[in-house]
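K.L.:
Compact mmCIF, C-alpha atoms (C1' of nucleotides), saved as coords_25.txt, coming up:
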# COMPACT_ATOMS: atom_id res chain seq x y z
CA MET N 241 46.79 132.95 116.46
CA GLU N 242 49.65 131.97 118.74
CA SER N 243 52.80 130.99 116.91
CA THR N 244 53.31 127.67 118.71
CA GLU N 245 49.65 126.83 118.04
CA THR N 246 50.12 127.60 114.34
CA VAL N 247 53.12 125.29 114.14
CA LYS N 248 51.15 122.54 115.88
CA ILE N 249 48.34 122.81 113.34
CA LEU N 250 50.74 122.90 110.41
CA LYS N 251 52.63 119.86 111.71
CA ALA N 252 49.33 118.04 111.99
CA LEU N 253 48.52 118.96 108.38
CA ALA N 254 51.96 118.07 107.00
CA ASP N 255 51.25 114.39 106.49
CA ALA N 256 49.65 112.69 103.50
CA ASN N 257 47.63 110.24 105.59
CA ARG N 258 46.20 112.97 107.80
CA LEU N 259 45.27 115.11 104.80
CA HIS N 260 43.54 112.06 103.38
CA ILE N 261 41.66 111.61 106.65
CA LEU N 262 40.44 115.21 106.50
CA GLU N 263 39.24 114.60 102.96
CA LEU N 264 37.41 111.47 104.07
CA LEU N 265 35.68 113.56 106.73
CA GLY N 266 34.27 115.70 103.92
CA SER N 267 31.04 113.78 103.99
CA GLY N 268 30.60 114.66 107.64
CA GLU N 269 30.98 112.64 110.79
CA GLN N 270 32.73 109.32 110.24
CA CYS N 271 33.30 106.31 112.42
CA ALA N 272 36.99 105.41 112.92
CA CYS N 273 36.46 102.03 111.32
CA VAL N 274 35.28 103.61 108.07
CA LEU N 275 38.42 105.73 107.99
CA LEU N 276 40.49 102.63 108.72
CA GLY N 277 38.90 100.80 105.81
CA ASN N 278 39.87 103.58 103.43
CA LEU N 279 43.40 104.12 104.60
CA ASP N 280 45.91 101.26 104.34
CA LEU N 281 47.06 101.84 107.90
CA SER N 282 47.00 99.66 111.00
CA GLN N 283 44.41 100.47 113.63
CA PRO N 284 46.97 101.80 116.16
CA THR N 285 48.47 104.05 113.51
CA LEU N 286 45.09 105.51 112.65
CA SER N 287 44.48 106.09 116.34
CA HIS N 288 47.81 107.91 116.55
CA HIS N 289 46.91 110.17 113.62
CA MET N 290 43.47 110.94 115.03
CA LYS N 291 45.02 112.00 118.30
CA ILE N 292 47.31 114.42 116.48
CA LEU N 293 44.40 115.85 114.48
CA CYS N 294 42.28 116.22 117.62
CA ASP N 295 45.09 117.80 119.64
CA ALA N 296 45.60 120.33 116.86
CA GLY N 297 41.91 121.20 116.91
CA LEU N 298 41.41 120.01 113.35
CA VAL N 299 38.98 117.27 114.34
CA THR N 300 36.56 116.64 117.18
CA SER N 301 35.43 113.25 118.43
CA ARG N 302 32.17 111.97 119.81
CA LYS N 303 31.85 108.66 121.56
CA ALA N 304 28.74 106.59 120.94
CA GLY N 305 28.81 103.18 122.54
CA LYS N 306 31.73 101.23 121.15
CA TRP N 307 32.24 103.68 118.33
CA ILE N 308 33.94 106.99 118.01
CA TYR N 309 32.76 109.45 115.43
CA TYR N 310 35.17 112.06 114.14
CA THR N 311 34.18 115.40 112.68
CA ARG N 312 36.32 117.86 110.77
CA ARG N 313 36.54 121.37 112.23
CA ALA N 314 36.19 123.70 109.26
CA GLU N 315 36.80 126.68 111.52
CA THR N 316 40.38 125.64 112.28
CA LEU N 317 41.16 124.93 108.64
CA ASP N 318 39.73 128.29 107.72
CA ARG N 319 41.73 130.08 110.38
CA ILE N 320 45.04 128.49 109.39
CA GLY N 321 44.28 129.12 105.71
CA THR N 322 43.60 132.79 106.37
CA CYS N 323 46.73 132.95 108.52
CA LEU N 324 48.92 131.66 105.67
CA GLN N 325 47.35 134.04 103.17
CA ALA N 326 48.01 136.88 105.59
CA LEU N 327 51.62 135.74 105.92
CA GLY N 328 51.96 136.18 102.17
CA ARG N 329 50.70 139.74 102.38
CA SER N 330 52.30 140.94 105.61
CA THR N 331 54.77 143.80 105.30
CA THR N 332 56.56 143.62 108.60
CA VAL N 333 59.50 145.94 108.96
CA ASN N 334 62.49 144.27 110.54
CA HIS N 335 65.68 145.73 111.87
CA PRO N 336 69.16 144.52 111.06
CA ALA N 337 70.33 142.39 113.96
CA SER N 338 72.66 143.81 116.56
CA ASP N 339 75.48 141.61 115.38
CA PHE N 340 74.90 142.46 111.75
CA ARG N 341 78.13 141.99 109.80
CA CYS N 342 77.38 142.34 106.10
CA ARG N 343 79.83 144.63 104.32
CA GLU N 344 78.41 146.41 101.32
CA MET I 115 47.29 121.25 93.54
CA GLU I 116 48.98 117.89 93.57
CA SER I 117 48.72 116.08 96.86
CA THR I 118 52.44 115.35 97.22
CA GLU I 119 53.18 119.00 96.41
CA THR I 120 50.73 120.12 99.08
CA VAL I 121 52.42 117.92 101.67
CA LYS I 122 55.81 119.30 100.66
CA ILE I 123 54.63 122.88 101.17
CA LEU I 124 52.97 122.07 104.48
CA LYS I 125 56.09 120.29 105.74
CA ALA I 126 58.12 123.35 104.81
CA LEU I 127 55.69 125.54 106.76
CA ALA I 128 55.52 123.27 109.81
CA ASP I 129 58.59 124.68 111.53
CA ALA I 130 58.82 127.71 113.82
CA ASN I 131 62.13 128.92 112.39
CA ARG I 132 60.88 128.76 108.81
CA LEU I 133 57.67 130.61 109.70
CA HIS I 134 59.84 133.23 111.34
CA ILE I 135 61.93 133.48 108.16
CA LEU I 136 58.80 134.06 106.09
CA GLU I 137 57.79 136.82 108.50
CA LEU I 138 61.24 138.40 108.21
CA LEU I 139 60.77 138.40 104.45
CA GLY I 140 57.70 140.58 104.95
CA SER I 141 59.72 143.70 104.25
CA GLY I 142 60.67 142.29 100.85
CA GLU I 143 63.89 140.85 99.57
CA GLN I 144 66.40 140.07 102.30
CA CYS I 145 70.03 139.04 102.25
CA ALA I 146 70.74 135.72 104.00
CA CYS I 147 73.03 137.42 106.48
CA VAL I 148 70.21 139.67 107.71
CA LEU I 149 68.04 136.64 108.27
CA LEU I 150 70.91 134.95 110.07
CA GLY I 151 71.31 137.94 112.37
CA ASN I 152 67.66 137.76 113.37
CA LEU I 153 67.43 134.04 113.90
CA ASP I 154 69.61 132.38 116.55
CA LEU I 155 70.65 129.68 114.11
CA SER I 156 74.01 128.67 112.71
CA GLN I 157 74.76 129.62 109.12
CA PRO I 158 74.55 126.02 107.81
CA THR I 159 71.21 125.56 109.53
CA LEU I 160 69.80 128.69 107.94
CA SER I 161 71.07 127.48 104.58
CA HIS I 162 69.28 124.19 105.18
CA HIS I 163 66.00 125.95 105.98
CA MET I 164 66.29 128.24 102.95
CA LYS I 165 66.74 125.22 100.71
CA ILE I 166 63.57 123.66 102.08
CA LEU I 167 61.62 126.89 101.60
CA CYS I 168 62.95 127.29 98.04
CA ASP I 169 62.26 123.66 97.13
CA ALA I 170 58.70 124.07 98.34
CA GLY I 171 58.27 127.16 96.17
CA LEU I 172 57.69 129.40 99.18
CA VAL I 173 60.77 131.50 98.52
CA THR I 174 62.87 132.44 95.51
CA SER I 175 66.52 133.39 95.57
CA ARG I 176 68.56 135.83 93.56
CA LYS I 177 72.32 135.81 93.55
CA ALA I 178 74.13 139.15 93.49
CA GLY I 179 77.87 138.88 93.85
CA LYS I 180 78.70 137.23 97.13
CA TRP I 181 75.20 137.69 98.45
CA ILE I 182 71.97 135.83 98.00
CA TYR I 183 68.70 137.67 98.33
CA TYR I 184 65.59 135.74 99.25
CA THR I 185 62.05 136.76 98.39
CA ARG I 186 58.81 135.37 99.74
CA ARG I 187 56.40 133.98 97.16
CA ALA I 188 52.99 135.27 98.20
CA GLU I 189 51.37 133.26 95.43
CA THR I 190 52.33 129.92 97.00
CA LEU I 191 51.19 130.99 100.45
CA ASP I 192 47.93 132.15 98.97
CA ARG I 193 47.42 128.90 97.08
CA ILE I 194 48.07 126.69 100.10
CA GLY I 195 45.86 128.92 102.25
CA THR I 196 43.01 128.66 99.79
CA CYS I 197 43.61 124.92 99.54
CA LEU I 198 43.21 124.47 103.32
CA GLN I 199 40.09 126.61 103.41
CA ALA I 200 38.66 124.50 100.60
CA LEU I 201 39.50 121.36 102.55
CA GLY I 202 37.33 122.67 105.36
CA ARG I 203 34.41 123.13 103.00
CA SER I 204 34.73 120.08 100.75
CA THR I 205 31.87 117.61 100.85
CA THR I 206 33.45 114.57 99.25
CA VAL I 207 31.32 111.47 99.29
CA ASN I 208 33.26 108.38 100.27
CA HIS I 209 32.35 104.73 100.08
CA PRO I 210 32.73 102.19 102.84
CA ALA I 211 35.88 100.18 102.13
CA SER I 212 35.67 96.74 100.59
CA ASP I 213 36.76 95.12 103.83
CA PHE I 214 34.36 97.17 105.93
CA ARG I 215 33.59 95.29 109.16
CA CYS I 216 31.61 97.62 111.42
CA ARG I 217 28.52 95.95 112.89
CA GLU I 218 25.64 98.24 113.68
C1' DT H 109 30.07 86.64 133.67
C1' DT H 110 32.41 85.57 129.56
C1' DG H 111 33.25 86.75 125.08
C1' DT H 112 33.58 89.98 121.37
C1' DC H 113 34.09 94.34 119.20
C1' DA H 114 35.98 99.17 118.65
C1' DC H 115 39.41 101.88 119.87
C1' DA H 116 43.55 103.44 122.80
C1' DT H 117 48.07 102.72 124.77
C1' DT H 118 52.60 100.67 125.15
C1' DG H 119 57.01 99.21 123.46
C1' DA H 120 60.07 98.66 119.83
C1' DT H 121 62.04 100.11 115.52
C1' DA H 122 63.08 102.48 111.36
C1' DT H 123 63.15 106.73 109.01
C1' DA H 124 63.11 111.75 108.89
C1' DT H 125 64.57 116.05 110.52
C1' DA H 126 67.04 119.83 112.91
C1' DT H 127 71.26 121.06 114.30
C1' DC H 128 76.24 122.25 114.37
C1' DA H 129 81.39 121.88 113.33
C1' DA H 130 84.27 121.40 109.67
C1' DT H 131 85.07 122.05 105.05
C1' DA H 132 84.09 123.38 100.23
C1' DT H 133 82.82 126.78 96.81
C1' DA H 134 82.31 130.99 94.63
C1' DA H 135 82.99 135.90 94.34
C1' DC H 136 85.08 139.95 95.48
C1' DT H 137 89.60 142.55 97.15
C1' DG H 138 94.17 143.75 97.46
C1' DC E 294 97.98 135.46 92.91
C1' DA E 295 96.54 135.08 98.11
C1' DG E 296 93.23 136.48 101.47
C1' DT E 297 88.55 137.46 102.87
C1' DT E 298 83.58 137.15 102.78
C1' DA E 299 79.00 134.93 101.94
C1' DT E 300 76.84 130.92 101.32
C1' DA E 301 76.52 125.78 100.43
C1' DT E 302 77.73 121.04 101.39
C1' DT E 303 79.29 117.19 104.19
C1' DG E 304 79.41 114.32 108.21
C1' DA E 305 77.92 113.35 112.66
C1' DT E 306 74.42 113.35 116.20
C1' DA E 307 70.31 113.97 118.74
C1' DT E 308 65.46 114.29 118.61
C1' DA E 309 61.00 113.60 116.41
C1' DT E 310 57.87 110.93 113.92
C1' DA E 311 55.47 107.08 111.58
C1' DT E 312 54.66 102.56 111.96
C1' DC E 313 53.23 97.94 113.69
C1' DA E 314 52.59 93.95 117.08
C1' DA E 315 51.04 93.16 121.43
C1' DT E 316 48.22 94.44 125.02
C1' DG E 317 44.86 97.30 127.66
C1' DT E 318 40.16 99.38 128.15
C1' DG E 319 35.49 100.13 127.89
C1' DA E 320 31.03 98.88 125.96
C1' DC E 321 27.85 95.84 124.32
C1' DA E 322 25.82 90.84 123.78
C1' DA E 323 24.86 86.22 124.93
Kindly present the structure from the file in structure tokens form.

P.N.:
Amino acid sequence: MESTETVKILKALADANRLHILELLGSGEQCACVLLGNLDLSQPTLSHHMKILCDAGLVTSRKAGKWIYYTRRAETLDRIGTCLQALGRSTTVNHPASDFRCRE
Amino acid sequence: MESTETVKILKALADANRLHILELLGSGEQCACVLLGNLDLSQPTLSHHMKILCDAGLVTSRKAGKWIYYTRRAETLDRIGTCLQALGRSTTVNHPASDFRCRE
DNA sequence: TTGTCACATTGATATATATCAATATAACTG
DNA sequence: CAGTTATATTGATATATATCAATGTGACAA
């Protein structure tokens, strides 16, 4: 996964309201108004959060008449989860920097 | 995992420099000055990032004389990774809010 | 067409965050 | 002790983000 993409996804996840939204999408596709009713947020704020989740690839949206239905993308959550687990296990070798100054 | 704790960890991870630091810690314990040499950051800024990583439980520190050695905590990365994967698979049932207004 | 409903966008604002220069602290060194 | 080194803290600043009120948009309904 590209590094800038990873940061984008993690930024999208690093918010209590957005995590709550992803939980609410656990029962499958949900209309925005249902999310709004469960979330103590104004409608524009919810819209803002949904845009961030969609842009990060964590949620997809489907328009049906006046409504928009949002769906959680398990694939993205799985990928980022695997990525973080891998980060905990990676054994990259790194070189002292060119301007390394530590005296021992 | 507590929700507020999860957000704290995700916020700590949602930064390119801090992800880079965790990668640099892949070769095991590293002195702060080695990290600094690899990171195009000022010393106070690195210190700031290390504090955030430590507070989130993603890194531990060990003082040895003038130096501080930082170690990545694979356990925390693994836990948050598993947590996100679980979020992608959860099938929570949620109720329409009390003030639900959607007309069908 | 006019009104209403669901959602998005805009504009403004307050808070959070990343950053660095300057300074403090703590430990070693002579 | 005084000087040096490694890191932390403080203070200031710029940018990012979360939030809401007001308004725009697009779709249905009468």

K.L.:
Show me, as a ChimeraX atom specification, the residues that have an atom within 12 Å of range 159-165 of chain I when counting all atoms listed in the file, minus same-chain residues fewer than 3 positions from it.

P.N.:
/I:125-136,139,144-156,168-175,182-186 /H:125-129 /E:299-302

K.L.:
Write out, as a PDB file, in the frame of the given file, the residues just selected, with C-alpha atoms (C1' of nucleotides).

P.N.:
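Printed below is selection.pdb as written:
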ATOM      1  CA  LYS I 125      56.090 120.290 105.740  1.00  0.00           C
ATOM      2  CA  ALA I 126      58.120 123.350 104.810  1.00  0.00           C
ATOM      3  CA  LEU I 127      55.690 125.540 106.760  1.00  0.00           C
ATOM      4  CA  ALA I 128      55.520 123.270 109.810  1.00  0.00           C
ATOM      5  CA  ASP I 129      58.590 124.680 111.530  1.00  0.00           C
ATOM      6  CA  ALA I 130      58.820 127.710 113.820  1.00  0.00           C
ATOM      7  CA  ASN I 131      62.130 128.920 112.390  1.00  0.00           C
ATOM      8  CA  ARG I 132      60.880 128.760 108.810  1.00  0.00           C
ATOM      9  CA  LEU I 133      57.670 130.610 109.700  1.00  0.00           C
ATOM     10  CA  HIS I 134      59.840 133.230 111.340  1.00  0.00           C
ATOM     11  CA  ILE I 135      61.930 133.480 108.160  1.00  0.00           C
ATOM     12  CA  LEU I 136      58.800 134.060 106.090  1.00  0.00           C
ATOM     13  CA  LEU I 139      60.770 138.400 104.450  1.00  0.00           C
ATOM     14  CA  GLN I 144      66.400 140.070 102.300  1.00  0.00           C
ATOM     15  CA  CYS I 145      70.030 139.040 102.250  1.00  0.00           C
ATOM     16  CA  ALA I 146      70.740 135.720 104.000  1.00  0.00           C
ATOM     17  CA  CYS I 147      73.030 137.420 106.480  1.00  0.00           C
ATOM     18  CA  VAL I 148      70.210 139.670 107.710  1.00  0.00           C
ATOM     19  CA  LEU I 149      68.040 136.640 108.270  1.00  0.00           C
ATOM     20  CA  LEU I 150      70.910 134.950 110.070  1.00  0.00           C
ATOM     21  CA  GLY I 151      71.310 137.940 112.370  1.00  0.00           C
ATOM     22  CA  ASN I 152      67.660 137.760 113.370  1.00  0.00           C
ATOM     23  CA  LEU I 153      67.430 134.040 113.900  1.00  0.00           C
ATOM     24  CA  ASP I 154      69.610 132.380 116.550  1.00  0.00           C
ATOM     25  CA  LEU I 155      70.650 129.680 114.110  1.00  0.00           C
ATOM     26  CA  SER I 156      74.010 128.670 112.710  1.00  0.00           C
ATOM     27  CA  CYS I 168      62.950 127.290  98.040  1.00  0.00           C
ATOM     28  CA  ASP I 169      62.260 123.660  97.130  1.00  0.00           C
ATOM     29  CA  ALA I 170      58.700 124.070  98.340  1.00  0.00           C
ATOM     30  CA  GLY I 171      58.270 127.160  96.170  1.00  0.00           C
ATOM     31  CA  LEU I 172      57.690 129.400  99.180  1.00  0.00           C
ATOM     32  CA  VAL I 173      60.770 131.500  98.520  1.00  0.00           C
ATOM     33  CA  THR I 174      62.870 132.440  95.510  1.00  0.00           C
ATOM     34  CA  SER I 175      66.520 133.390  95.570  1.00  0.00           C
ATOM     35  CA  ILE I 182      71.970 135.830  98.000  1.00  0.00           C
ATOM     36  CA  TYR I 183      68.700 137.670  98.330  1.00  0.00           C
ATOM     37  CA  TYR I 184      65.590 135.740  99.250  1.00  0.00           C
ATOM     38  CA  THR I 185      62.050 136.760  98.390  1.00  0.00           C
ATOM     39  CA  ARG I 186      58.810 135.370  99.740  1.00  0.00           C
TER      40      ARG I 186
ATOM     41  C1'  DT H 125      64.570 116.050 110.520  1.00  0.00           C
ATOM     42  C1'  DA H 126      67.040 119.830 112.910  1.00  0.00           C
ATOM     43  C1'  DT H 127      71.260 121.060 114.300  1.00  0.00           C
ATOM     44  C1'  DC H 128      76.240 122.250 114.370  1.00  0.00           C
ATOM     45  C1'  DA H 129      81.390 121.880 113.330  1.00  0.00           C
TER      46       DA H 129
ATOM     47  C1'  DA E 299      79.000 134.930 101.940  1.00  0.00           C
ATOM     48  C1'  DT E 300      76.840 130.920 101.320  1.00  0.00           C
ATOM     49  C1'  DA E 301      76.520 125.780 100.430  1.00  0.00           C
ATOM     50  C1'  DT E 302      77.730 121.040 101.390  1.00  0.00           C
TER      51       DT E 302
END

K.L.:
My list of candidates is I:Thr190, I:Gln157, I:Gln199, I:Thr120. Which is closest to chain N when distances are computed with all atoms listed in the file?

P.N.:
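Among the listed residues, I:Gln199 lies closest to chain N.
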
K.L.:
Using all atoms listed in the file and a cut-off of 12 Å, which residues of chain H sit close to chain N? Please list them as a ChimeraX atom specification.

P.N.:
/H:112-118,136

K.L.:
What is the CA of Glu263 in chain N-CA of Thr205 in chain I distance in Å, reported with one decimal?

P.N.:
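Atom-to-atom, CA of Glu263 in chain N and CA of Thr205 in chain I are spaced 8.2 Å apart.
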
K.L.:
Identify the residues around (46.6, 127.7, 107.4) within a radius of 8 Å, measuring from all atoms listed in the file in the coordinates stated by the file, and give them as an MDAnalysis selection string.

P.N.:
(chainID N and resid 246 249:250 317:325) or (chainID I and resid 194:195 198:199)

K.L.:
Please produce a file of those selected residues containing C-alpha atoms, as a CSV table (one decimal), keeping the file's coordinate frame.

P.N.:
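As a result, again_17.csv now contains:
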chain,number,residue,atom,x,y,z
N,246,THR,CA,50.1,127.6,114.3
N,249,ILE,CA,48.3,122.8,113.3
N,250,LEU,CA,50.7,122.9,110.4
N,317,LEU,CA,41.2,124.9,108.6
N,318,ASP,CA,39.7,128.3,107.7
N,319,ARG,CA,41.7,130.1,110.4
N,320,ILE,CA,45.0,128.5,109.4
N,321,GLY,CA,44.3,129.1,105.7
N,322,THR,CA,43.6,132.8,106.4
N,323,CYS,CA,46.7,133.0,108.5
N,324,LEU,CA,48.9,131.7,105.7
N,325,GLN,CA,47.4,134.0,103.2
I,194,ILE,CA,48.1,126.7,100.1
I,195,GLY,CA,45.9,128.9,102.2
I,198,LEU,CA,43.2,124.5,103.3
I,199,GLN,CA,40.1,126.6,103.4

K.L.:
Find, counting all atoms listed in the file, the residue in I:Ala178, I:Lys122, I:Glu189, I:Leu167 that gets nearest to chain E.

P.N.:
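Using all atoms listed in the file, chain E sits closest to I:Ala178.
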
K.L.:
Give as a PyMOL selection string every residue of chain E that touches chain N within 10 Å, counting all atoms listed in the file.

P.N.:
chain E and resi 298-299+311-314+319-321

K.L.:
Just the number, please: distance in Å from CA of Glu242 in chain N to CA of Gly202 in chain I, one decimal.

P.N.:
20.4 Å

K.L.:
Please, what distance in Å, to one decimal, runs between CA of Ser330 in chain N and CA of Gly142 in chain I?

P.N.:
9.7 Å
